[in-house]
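Participant: Structure supplied as target31.txt; contents: compact mmCIF, C-alpha atoms.
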# COMPACT_ATOMS: atom_id res chain seq x y z
CA MET A 543 0.00 0.00 0.00
CA PRO A 544 2.72 2.53 0.85
CA LEU A 545 4.39 1.61 -2.45
CA MET A 546 1.14 2.29 -4.29
CA ALA A 547 0.82 5.58 -2.49
CA ARG A 548 4.36 6.58 -3.43
CA ARG A 549 3.67 5.69 -7.09
CA ALA A 550 0.48 7.71 -7.02
CA LEU A 551 2.33 10.67 -5.54
CA CYS A 552 5.04 10.35 -8.19
CA CYS A 553 2.42 10.29 -10.95
CA LEU A 554 0.72 13.35 -9.46
CA ALA A 555 4.04 15.23 -9.26
CA VAL A 556 4.91 14.37 -12.88
CA ALA A 557 1.43 15.44 -14.02
CA ALA A 558 1.76 18.71 -12.10
CA LEU A 559 5.14 19.42 -13.67
CA ALA A 560 3.75 18.73 -17.12
CA VAL A 561 0.84 21.12 -16.51
CA VAL A 562 3.18 23.86 -15.26
CA ALA A 563 5.52 23.38 -18.25
CA SER A 564 2.65 23.52 -20.75
CA LEU A 565 1.26 26.64 -19.06
CA GLY A 566 4.69 28.24 -19.35
CA ALA A 567 4.75 27.42 -23.05
CA VAL A 568 1.33 28.98 -23.52
CA VAL A 569 2.40 32.16 -21.71
CA SER A 570 5.60 32.55 -23.67
CA LEU A 571 3.76 32.01 -26.95
CA GLY A 572 1.02 34.31 -25.86
CA LEU A 573 3.22 37.40 -25.72
CA ALA A 574 2.17 40.16 -28.05
CA PRO A 575 4.71 40.88 -30.80
CA ALA A 576 5.46 44.28 -29.34
CA ALA A 577 6.17 42.81 -25.95
CA ARG A 578 8.47 40.20 -27.47
CA ALA A 579 10.28 42.95 -29.32
CA SER A 580 10.82 44.97 -26.17
CA ILE A 581 12.05 41.96 -24.27
CA GLY A 582 14.42 41.22 -27.12
CA GLY A 583 15.63 44.83 -26.94
CA ARG A 584 14.65 47.06 -29.87
CA ALA A 585 17.51 48.94 -31.43
CA SER A 586 17.36 52.65 -30.85
CA ILE A 587 19.21 55.76 -31.82
CA GLY A 588 19.63 58.53 -29.28
CA VAL A 589 21.71 61.47 -28.22
CA GLY A 590 21.89 63.72 -25.18
CA VAL A 591 23.63 67.02 -24.51
CA GLN A 592 24.13 69.14 -21.43
CA ALA A 593 21.05 71.15 -20.51
CA ASP A 594 23.12 74.14 -19.38
CA PRO A 595 23.90 76.64 -22.12
CA VAL A 596 27.42 76.93 -23.47
CA ARG A 597 28.24 80.41 -22.25
CA LEU A 598 31.42 82.47 -22.56
CA GLY A 599 32.58 83.58 -19.12
CA GLY A 600 33.20 87.24 -19.88
CA VAL A 601 32.80 89.53 -22.83
CA ALA A 602 34.31 88.99 -26.25
CA HIS A 603 35.87 91.54 -28.57
CA PRO A 604 36.07 91.64 -32.36
CA GLY A 605 39.10 89.78 -33.66
CA GLY A 606 39.47 87.77 -30.46
CA SER A 607 39.72 84.04 -29.99
CA TYR A 608 38.20 82.48 -26.88
CA SER A 609 37.98 79.02 -25.43
CA LEU A 610 34.35 78.04 -24.68
CA PRO A 611 33.34 75.41 -22.12
CA SER A 612 33.49 71.93 -23.65
CA LEU A 613 30.20 70.39 -24.75
CA TYR A 614 29.03 67.22 -23.00
CA VAL A 615 27.52 64.62 -25.36
CA VAL A 616 26.24 61.11 -24.63
CA ASN A 617 24.92 58.31 -26.86
CA THR A 618 21.58 57.34 -25.27
CA GLY A 619 20.76 54.75 -27.94
CA THR A 620 21.55 51.06 -28.10
CA GLN A 621 23.75 51.09 -31.17
CA THR A 622 26.94 52.73 -32.30
CA GLU A 623 26.21 56.01 -33.99
CA SER A 624 28.13 58.76 -35.65
CA ILE A 625 27.55 62.18 -34.21
CA SER A 626 27.89 65.54 -35.88
CA VAL A 627 27.91 68.94 -34.22
CA THR A 628 26.53 72.03 -35.92
CA VAL A 629 25.65 75.58 -34.90
CA ARG A 630 22.12 76.64 -35.82
CA ARG A 631 19.55 79.04 -34.47
CA LEU A 632 16.59 76.96 -33.27
CA SER A 633 15.37 78.98 -30.33
CA SER A 634 13.51 82.23 -30.68
CA GLY A 635 14.02 85.30 -28.55
CA PRO A 636 16.35 88.27 -28.55
CA GLY A 637 19.97 88.20 -29.57
CA ARG A 638 21.91 88.10 -32.80
CA THR A 639 22.38 84.75 -34.47
CA VAL A 640 25.89 83.32 -34.19
CA PRO A 641 27.37 82.60 -37.64
CA ALA A 642 28.40 78.95 -37.69
CA SER A 643 31.83 79.90 -39.04
CA TRP A 644 32.64 81.64 -35.73
CA ILE A 645 32.62 78.39 -33.79
CA ALA A 646 35.51 75.99 -34.18
CA ILE A 647 34.37 72.52 -33.15
CA GLY A 648 37.01 70.03 -32.09
CA THR A 649 36.44 66.81 -34.03
CA ALA A 650 32.96 67.65 -35.24
CA THR A 651 32.17 64.08 -36.33
CA ARG A 652 32.95 60.93 -34.42
CA GLN A 653 31.62 57.50 -33.54
CA LEU A 654 30.10 56.83 -30.13
CA ILE A 655 29.26 53.39 -28.76
CA PRO A 656 26.10 53.06 -26.61
CA ARG A 657 26.34 55.05 -23.36
CA GLN A 658 29.66 56.57 -24.38
CA GLN A 659 30.14 60.17 -23.25
CA VAL A 660 32.51 62.73 -24.69
CA LEU A 661 33.48 66.32 -24.09
CA ILE A 662 33.80 68.24 -27.33
CA PRO A 663 36.07 71.29 -27.25
CA LEU A 664 34.63 74.51 -28.65
CA ARG A 665 36.32 77.75 -29.56
CA LEU A 666 34.88 81.13 -30.45
CA VAL A 667 36.90 82.80 -33.21
CA LEU A 668 35.60 86.28 -34.00
CA PRO A 669 36.37 88.25 -37.13
CA GLY A 670 37.54 91.85 -36.72
CA SER A 671 34.29 93.04 -38.31
CA ALA A 672 31.99 91.31 -35.78
CA ALA A 673 29.17 93.61 -34.68
CA PRO A 674 28.76 94.24 -30.94
CA GLY A 675 25.74 92.90 -29.10
CA SER A 676 24.34 89.82 -27.42
CA TYR A 677 24.56 86.64 -29.46
CA ARG A 678 22.51 83.49 -29.17
CA SER A 679 22.28 80.30 -31.21
CA ASP A 680 22.10 76.58 -30.55
CA ILE A 681 24.67 73.87 -30.69
CA VAL A 682 22.93 70.88 -32.24
CA VAL A 683 24.33 67.40 -31.84
CA THR A 684 22.88 64.83 -34.25
CA GLY A 685 23.34 61.10 -33.90
CA SER A 686 22.67 58.83 -36.83
CA PRO A 687 23.22 55.13 -37.43
CA GLY A 688 25.43 53.71 -40.13
CA VAL A 689 24.64 53.94 -43.81
CA ALA A 690 21.25 52.49 -44.69
CA SER A 691 20.09 51.76 -48.18
CA GLY A 692 16.39 51.89 -48.82
CA GLY A 693 13.71 52.80 -46.32
CA VAL A 694 13.74 55.39 -43.60
CA ARG A 695 16.76 56.20 -41.54
CA PHE A 696 16.17 57.91 -38.22
CA GLY A 697 18.28 60.58 -36.58
CA ALA A 698 18.18 61.88 -33.04
CA ALA A 699 19.36 65.35 -32.19
CA ALA A 700 19.60 67.43 -29.04
CA ALA A 701 20.35 71.12 -28.78
CA THR A 702 21.72 73.39 -26.11
CA PRO A 703 21.95 77.19 -26.30
CA LEU A 704 25.16 79.02 -27.10
CA GLU A 705 25.43 82.53 -25.62
CA PHE A 706 28.00 85.30 -25.42
CA ARG A 707 28.26 89.08 -25.44
CA LEU A 708 30.46 91.06 -27.76
CA THR A 709 31.62 94.58 -26.99
CA PRO A 710 33.70 96.98 -29.10
CA GLY A 711 37.39 97.34 -28.42
CA PRO A 712 40.59 95.47 -28.98
CA ALA A 713 40.63 91.77 -28.29
CA ALA A 714 41.75 90.98 -24.76
CA GLY A 715 42.97 87.59 -25.78
CA GLY A 716 46.71 87.78 -26.38
CA TRP A 717 49.17 85.67 -28.24
CA LEU A 718 48.24 81.97 -28.69
CA GLY A 719 44.84 82.68 -27.18
CA ILE A 720 46.33 83.28 -23.73
CA ALA A 721 45.09 86.37 -21.91
CA ALA A 722 47.46 89.33 -21.91
CA TRP A 723 47.63 89.54 -18.08
CA ARG A 724 48.92 85.99 -17.96
CA TRP A 725 51.72 86.91 -20.32
CA TRP A 726 52.61 89.92 -18.12
CA LEU A 727 52.56 87.78 -14.98
CA THR A 728 54.86 85.27 -16.66
CA VAL A 729 57.29 88.04 -17.68
CA VAL A 730 57.39 89.45 -14.12
CA LEU A 731 58.02 86.00 -12.63
CA VAL A 732 60.81 85.30 -15.13
CA LEU A 733 62.42 88.68 -14.31
CA LEU A 734 62.26 88.00 -10.57
CA ALA A 735 63.81 84.58 -11.09
CA ALA A 736 66.60 86.10 -13.21
CA ILE A 737 67.34 88.73 -10.55
CA ALA A 738 67.42 86.09 -7.82
CA ILE A 739 69.83 83.91 -9.81
CA GLY A 740 71.99 86.93 -10.64
CA VAL A 741 72.24 87.95 -6.98
CA TRP A 742 73.01 84.40 -5.93
CA ARG A 743 75.83 84.09 -8.50
CA THR A 744 77.50 87.30 -7.36
CA GLY A 745 77.96 85.77 -3.95
CA LEU A 746 76.09 88.60 -2.27
CA ARG A 747 74.25 87.38 0.79
CA VAL A 748 71.63 89.16 2.86
CA ARG A 749 71.27 88.08 6.47
CA ILE A 750 68.03 88.84 8.25
CA GLU A 751 68.05 88.97 12.03
CA THR A 752 65.53 90.07 14.59
CA LYS A 753 66.43 91.82 17.81
CA SER A 754 64.47 91.56 21.03
CA ALA A 755 63.62 94.58 23.17
CA GLY A 756 66.46 93.73 25.61
CA GLY A 757 69.05 94.06 22.89
CA ARG A 758 69.64 90.32 22.48
CA TYR A 759 69.63 88.71 19.04
CA ALA A 760 67.12 85.97 18.50
CA MET B 6 58.90 88.02 18.41
CA ARG B 7 57.33 85.92 21.13
CA SER B 8 53.96 87.64 20.80
CA GLY B 9 54.00 86.94 17.04
CA VAL B 10 54.56 83.25 17.67
CA ILE B 11 51.73 83.23 20.20
CA VAL B 12 49.36 84.87 17.71
CA ILE B 13 50.21 82.32 14.98
CA ALA B 14 49.78 79.44 17.45
CA ALA B 15 46.41 80.82 18.53
CA ILE B 16 45.25 81.02 14.90
CA LEU B 17 46.36 77.45 14.24
CA VAL B 18 44.57 76.17 17.36
CA ALA B 19 41.41 78.06 16.39
CA LEU B 20 41.54 76.60 12.85
CA PHE B 21 42.03 73.11 14.28
CA PHE B 22 38.95 73.38 16.47
CA PHE B 23 36.94 75.02 13.69
CA THR B 24 37.64 72.18 11.23
CA ARG B 25 36.95 69.56 13.89
CA GLY B 26 33.69 71.27 14.74
CA SER B 27 32.58 71.30 11.08
CA SER B 28 33.23 67.62 10.48
CA GLY B 29 31.71 66.74 13.81
CA THR B 30 28.38 68.25 12.78
CA GLY B 31 28.25 66.03 9.71
CA ASN B 32 28.99 62.94 11.73
CA GLN B 33 26.17 63.64 14.13
CA GLU B 34 23.68 63.58 11.29
CA GLY B 35 25.13 60.40 9.85
CA SER B 36 24.97 58.27 13.00
CA GLN B 37 22.85 58.15 16.10
CA SER B 38 25.57 57.18 18.55
CA SER B 39 29.22 56.39 18.74
CA GLY B 40 28.44 52.77 17.73
CA SER B 41 28.70 51.38 14.22
CA SER B 42 25.12 52.12 13.09
CA GLN B 43 24.80 54.44 10.13
CA VAL B 44 22.12 55.88 7.93
CA THR B 45 22.58 56.03 4.18
CA GLY B 46 20.91 58.96 2.51
CA HIS B 47 19.85 59.17 -1.12
CA VAL B 48 18.77 62.23 -2.95
CA ASN B 49 17.47 62.56 -6.47
CA VAL B 50 18.60 65.58 -8.40
CA VAL B 51 17.29 67.22 -11.54
CA PRO B 52 18.90 65.93 -14.74
CA THR B 53 21.72 67.90 -16.29
CA ILE B 54 21.29 66.55 -19.80
CA ARG B 55 18.53 66.72 -22.36
CA SER B 56 18.17 63.75 -24.68
CA ILE B 57 16.01 62.17 -27.32
CA THR B 58 15.90 58.52 -28.27
CA VAL B 59 14.12 57.03 -31.27
CA SER B 60 13.29 53.37 -31.53
CA PRO B 61 13.79 51.49 -33.78
CA GLY B 62 16.81 53.00 -35.49
CA SER B 63 15.41 52.47 -38.98
CA VAL B 64 12.25 51.18 -40.67
CA SER B 65 10.94 50.44 -44.13
CA PHE B 66 7.71 51.65 -45.67
CA GLY B 67 4.96 49.16 -46.46
CA HIS B 68 1.16 49.08 -46.68
CA CYS B 69 1.47 50.73 -50.11
CA THR B 70 -1.69 51.60 -52.04
CA GLY B 71 -2.58 53.69 -55.06
CA GLY B 72 -1.09 54.17 -58.49
CA ASN B 73 -2.62 53.51 -61.85
CA GLY B 74 -2.88 50.38 -63.95
CA ALA B 75 0.53 48.88 -64.59
CA THR B 76 2.11 51.21 -62.07
CA ASP B 77 -0.14 50.27 -59.19
CA SER B 78 1.54 49.83 -55.84
CA THR B 79 2.27 46.43 -54.40
CA GLN B 80 2.26 45.78 -50.67
CA GLY B 81 5.93 46.81 -50.31
CA SER B 82 6.55 48.98 -53.39
CA LEU B 83 5.32 52.47 -54.10
CA GLY B 84 3.52 52.95 -57.41
CA TYR B 85 2.62 56.14 -59.24
CA PRO B 86 1.09 58.60 -59.68
CA ASN B 87 0.85 59.78 -56.08
CA ALA B 88 0.62 56.41 -54.39
CA THR B 89 0.87 56.11 -50.62
CA CYS B 90 3.02 53.97 -48.34
CA SER B 91 3.23 54.05 -44.56
CA VAL B 92 5.11 52.82 -41.55
CA GLY B 93 2.41 51.36 -39.34
CA GLY B 94 -0.53 51.49 -41.72
CA THR B 95 -3.44 53.91 -41.77
CA GLY B 96 -7.07 53.96 -40.74
CA ALA B 97 -8.64 51.73 -38.14
CA ASN B 98 -5.86 49.13 -38.28
CA ALA B 99 -3.03 51.63 -37.95
CA THR B 100 -0.20 50.89 -35.56
CA TYR B 101 2.39 53.32 -34.25
CA PRO B 102 5.72 51.51 -34.29
CA ILE B 103 8.07 54.47 -33.83
CA ALA B 104 8.73 55.41 -30.21
CA VAL B 105 10.12 58.89 -29.61
CA THR B 106 11.38 59.41 -26.06
CA TYR B 107 12.36 62.77 -24.58
CA ALA B 108 14.25 62.90 -21.29
CA GLY B 109 15.43 65.77 -19.16
CA LEU B 110 14.30 69.26 -18.23
CA PRO B 111 11.13 70.53 -19.93
CA GLY B 112 11.54 71.52 -23.54
CA GLU B 113 10.07 70.65 -26.88
CA VAL B 114 10.52 68.14 -29.68
CA ASP B 115 11.01 69.22 -33.26
CA VAL B 116 11.12 67.02 -36.32
CA SER B 117 12.53 67.34 -39.81
CA ALA B 118 13.15 65.16 -42.86
CA THR B 119 15.42 65.12 -45.87
CA ASP B 120 14.84 64.66 -49.57
CA ALA B 121 14.54 61.06 -50.70
CA VAL B 122 17.78 59.86 -52.24
CA PRO B 123 17.84 57.05 -54.83
CA ALA B 124 20.27 54.17 -54.44
CA ASP B 125 22.30 55.36 -57.43
CA GLY B 126 22.58 58.89 -56.02
CA GLY B 127 20.64 60.35 -58.99
CA THR B 128 17.81 62.86 -58.98
CA HIS B 129 16.31 63.27 -55.50
CA TRP B 130 12.67 63.53 -54.66
CA THR B 131 12.26 66.94 -53.08
CA LEU B 132 10.27 67.04 -49.85
CA CYS B 133 7.21 69.21 -50.38
CA ASN B 134 4.16 70.25 -48.40
CA PRO B 135 0.54 70.95 -49.21
CA PRO B 136 -0.07 74.66 -49.81
CA ALA B 137 -0.59 76.44 -46.47
CA PRO B 138 -0.05 79.94 -45.09
CA GLY B 139 3.48 80.42 -43.83
CA GLN B 140 4.72 77.26 -45.47
CA SER B 141 8.49 77.19 -45.37
CA SER B 142 9.22 74.07 -47.42
CA PRO B 143 8.59 73.92 -51.15
CA THR B 144 4.90 73.61 -51.91
CA CYS B 145 3.79 70.47 -53.71
CA SER B 146 3.20 71.76 -57.22
CA GLY B 147 0.92 69.02 -58.55
CA ALA B 148 -2.47 70.55 -57.67
CA GLY B 149 -1.92 70.03 -53.94
CA GLN B 150 -0.21 66.69 -54.54
CA PRO B 151 3.49 65.98 -55.06
CA ASP B 152 4.48 66.63 -58.65
CA LYS B 153 7.31 65.00 -60.59
CA ASP B 154 10.27 64.19 -58.32
CA GLN B 155 8.46 65.50 -55.26
CA TYR B 156 7.16 63.63 -52.24
CA GLU B 157 5.29 64.40 -49.06
CA LEU B 158 5.82 62.93 -45.61
CA GLU B 159 3.62 63.18 -42.52
CA ASN B 160 3.77 61.74 -39.07
CA GLN B 161 0.81 60.89 -36.88
CA SER B 162 0.08 59.99 -33.28
CA PRO B 163 -2.65 57.60 -32.10
CA ALA B 164 -4.69 60.71 -31.25
CA GLY B 165 -4.63 61.71 -34.91
CA THR B 166 -2.38 64.73 -34.47
CA GLY B 167 0.63 65.16 -36.71
CA VAL B 168 2.52 67.40 -39.05
CA ALA B 169 3.68 67.52 -42.65
CA LEU B 170 7.45 67.22 -42.32
CA THR B 171 9.77 69.88 -43.68
CA THR B 172 13.50 70.01 -44.29
CA SER B 173 13.93 72.50 -41.45
CA SER B 174 13.19 71.54 -37.85
CA ALA B 175 9.58 72.27 -36.91
CA CYS B 176 7.37 71.51 -33.92
CA ASP B 177 6.44 67.82 -33.87
CA LYS B 178 2.70 68.19 -33.34
CA ALA B 179 2.33 64.45 -32.93
CA PHE B 180 4.50 64.42 -29.84
CA ALA B 181 2.26 65.81 -27.13
CA ALA B 182 -1.42 65.86 -26.34
CA GLY B 183 -3.45 68.57 -28.03
CA GLY B 184 -1.20 68.73 -31.09
CA THR B 185 1.72 70.39 -29.36
CA CYS B 186 5.38 69.48 -29.21
CA SER B 187 6.02 70.38 -25.59
CA ALA B 188 7.92 67.88 -23.52
CA ALA B 189 7.49 68.05 -19.77
CA PRO B 190 8.36 64.63 -18.37
CA ALA B 191 6.90 63.96 -14.93
CA GLU B 192 9.64 64.15 -12.31
CA PHE B 193 12.07 64.98 -15.13
CA THR B 194 12.14 61.34 -16.21
CA LYS B 195 10.90 60.44 -19.69
CA GLN B 196 8.07 61.25 -22.03
CA THR B 197 7.44 58.80 -24.84
CA GLN B 198 5.16 59.15 -27.85
CA ASP B 199 4.39 56.46 -30.42
CA GLU B 200 4.12 57.71 -33.98
CA ASN B 201 3.77 56.43 -37.52
CA LEU B 202 4.66 57.82 -40.94
CA ILE B 203 2.72 58.31 -44.13
CA LEU B 204 4.42 58.99 -47.47
CA ILE B 205 2.73 60.31 -50.61
CA GLY B 206 4.90 59.64 -53.63
CA PRO B 207 5.58 61.69 -56.77
CA ARG B 208 3.34 61.98 -59.81
CA THR B 209 6.28 60.38 -61.59
CA TRP B 210 10.07 60.38 -61.30
CA ASP B 211 13.23 60.50 -63.40
CA ASP B 212 15.58 58.15 -61.61
CA HIS B 213 15.38 54.44 -62.33
CA SER B 214 16.43 53.22 -58.89
CA THR B 215 14.03 50.95 -57.07
CA SER B 216 15.26 51.83 -53.57
CA TRP B 217 15.10 55.26 -51.96
CA THR B 218 16.26 56.49 -48.58
CA MET B 219 15.30 59.45 -46.46
CA THR B 220 16.29 60.51 -42.95
CA ILE B 221 13.89 61.77 -40.32
CA THR B 222 15.40 63.52 -37.33
CA TRP B 223 13.76 64.35 -34.03
CA THR B 224 15.41 67.13 -32.02
CA ALA B 225 15.18 67.89 -28.30
CA ILE B 226 15.28 71.62 -27.63
CA GLY B 227 15.23 73.55 -24.39
CA GLY B 228 12.00 75.27 -23.48
So that I can check it, write out the structure of this file as structure tokens.
Facilitator:
Amino acid sequence: MPLMARRALCCLAVAALAVVASLGAVVSLGLAPAARASIGGRASIGVGVQADPVRLGGVAHPGGSYSLPSLYVVNTGTQTESISVTVRRLSSGPGRTVPASWIAIGTATRQLIPRQQVLIPLRLVLPGSAAPGSYRSDIVVTGSPGVASGGVRFGAAAATPLEFRLTPGPAAGGWLGIAAWRWWLTVVLVLLAAIAIGVWRTGLRVRIETKSAGGRYA
Amino acid sequence: MRSGVIVIAAILVALFFFTRGSSGTGNQEGSQSSGSSQVTGHVNVVPTIRSITVSPGSVSFGHCTGGNGATDSTQGSLGYPNATCSVGGTGANATYPIAVTYAGLPGEVDVSATDAVPADGGTHWTLCNPPAPGQSSPTCSGAGQPDKDQYELENQSPAGTGVALTTSSACDKAFAAGGTCSAAPAEFTKQTQDENLILIGPRTWDDHSTSWTMTITWTAIGG
């Protein structure tokens, strides 16, 4: 009798397993195509940029060349994409439009793998004839997949504002794009170093002593 | 001399106690007693990037109808004159297979498209729009329909809102409720809209290619 009971229990367990397995098969087959696609991971194309505007810290002058804060870009899609950076006016509002030729973009096109982030250097190069005023445009980063033949290719783009103010006067930026005051500071430091070395080589020594109120030397 | 040393020593001692006092305040908030218990704090912050993601990365048109006689459309090939293909179908059985997701601080979503380029790089189909006030793209010159080497492209949301696409970025009226393109994700997370595409082909065309490609770009812009 116990043997019969064990066999019956075994049969019941096997039957239960079979029912569970078949139910599982029904559920997995019953998924809607869209759900299956999302579980499988649909390819996507995406790009993100910093929300903060790219803004020159200070005023610019005609003929000057200024380093702008680097632009943060991230690939938010699931496939490798090539990104391109352009300067275009998308936003409305006051301010002159920045001519695209004024912005030098470091490596304007490159490949980004999914989730890869890069900082793209930007430089403002103003012609001598640039008109004074407040300027505003957008830096647009566009991500697109590889070459597709036939059908529709999608692109994803994100824009962040570009802002600076231009006033008349000579460019403050000095040689090699380094501010003039930095050059002057460097010259003064070099002169001081030369004087110190000169004094040291002459053998001249200066001894500094302090004297207490009682006339003793410390 | 001695008084100077005393003053410097006093400043150093004061700085020492000041820095100890500052760090001590932080520790008191982090733990309840001198034991090993600690509380881990988490804080969510507003996003510092604005992004847009389109899924899938590419599609092909189908559901083609229209044309005339020998140049009638087939299911997957556009006929002429002025036949129609779509991504997702039209009418009651339409689906919306393109997911456009905006993430970040509130802003808006614009959309644009390019001319259709044949596989051999020959004569493009120029993107055109139905005549309308303030129309920026070329107007379709075939009595409101695309003429020779012209085509028209529209997107649509399940709510029926949409826009005729132009080569310059314009508000994607399919993106948000009420035919707007504003993106204001709840809690600065994500806002997704499903869309489809409808293409109206040229009256006729010059190039003999049988495969054409166009690019549609969605752009996230600050508000």
Participant: Which one of B:Gly94, B:Gly112, B:Pro136, B:Gly71 sits closest to chain A if you count only C-alpha atoms?
Facilitator: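 Comparing B:Gly94, B:Gly112, B:Pro136, B:Gly71 against chain A, the winner is B:Gly112.
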Participant: At a cut-off of 9 Å from (37.6, 77.0, -28.0) in the coordinates of the file, what residues are picked up using all atoms listed in the file, written as a list in words?
Facilitator: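 Residues satisfying the cut-off, written out: Ser607, Tyr608, Ser609, Leu610, Pro611, Ser612, Ile645, Ala646, Ile647, Gly648, Pro663, Leu664, Arg665, Leu666 and Val667 of chain A.
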Participant: Need to verify the contact set: range 103-108 of chain B, 8 Å, all atoms listed in the file, exclusion of same-chain residues closer than 3 positions in sequence. Can you return it as a VMD selection string?
Facilitator: chain B and resid 55 to 61 114 180 188 190 193 to 201 223 225
Participant: At most 12 Å from (29.4, 77.2, -34.4), file frame, all atoms listed in the file: which residues, as a ChimeraX atom specification?
Facilitator: /A:596,610,613,626-631,639-648,650,663-668,677-683,702-705
Participant: Write out as a ChimeraX atom specification every residue belonging to chain B that has an atom at most 8 Å from any atom of chain A, counting only C-alpha atoms.
Facilitator: /B:6,53-66,109-110,124,174,216-227
Participant: Would you place a box with edges along x, y and z of the file around all atoms of range 725-743 of chain A listed there, add 8 Å to each of its six sides, and report the centre and edge lengths in Å to one decimal, as lines of an AutoDock Vina configuration file?
Facilitator:
center_x = 63.8
center_y = 86.9
center_z = -13.1
size_x = 40.1
size_y = 22.0
size_z = 30.4
Participant: For range 146-149 of chain B, please output as a PyMOL selection string all residues within 8 Å (counting all atoms listed in the file; exclusion window: fewer than 3 positions along the same chain).
Facilitator: chain B and resi 135-136+152-153+208
Participant: How far is it from CA of Ala175 in chain B to CA of Glu113 in chain B, in Å with one decimal?
Facilitator: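 If I compute the distance from CA of Ala175 in chain B to CA of Glu113 in chain B, I get 10.2 Å.
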Participant: Measure the distance from CA of Pro604 in chain A to CA of Gly670 in chain A in Å and round it to one decimal.
Facilitator: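 Between CA of Pro604 in chain A and CA of Gly670 in chain A the gap is 4.6 Å.
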Participant: Rounded to one decimal place, report the CA of His68 in chain B-CA of His213 in chain B distance in Å.
Facilitator: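 CA of His213 in chain B lies 21.8 Å from CA of His68 in chain B.
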Participant: Report as a PyMOL selection string all protein, DNA and RNA residues lying within 12 Å of Ser78 in chain B, evaluated on all atoms listed in the file, omitting residues in the same chain fewer than 3 positions from it.
Facilitator: chain B and resi 67-75+81-90+205-206
Participant: Identify which of the residues B:Thr215, B:Gln43, B:Gln161, B:Thr100 lies closest to Ala179 in chain B, counting all atoms listed in the file when measuring atom-to-atom distances.
Facilitator: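 Ranking B:Thr215, B:Gln43, B:Gln161, B:Thr100 by distance to Ala179 in chain B, first place goes to B:Gln161.
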Participant: Between A:Arg707, A:Arg652, A:Arg638, A:Arg657, which has the minimum distance to Gly600 in chain A (counting only C-alpha atoms)?
Facilitator: A:Arg707
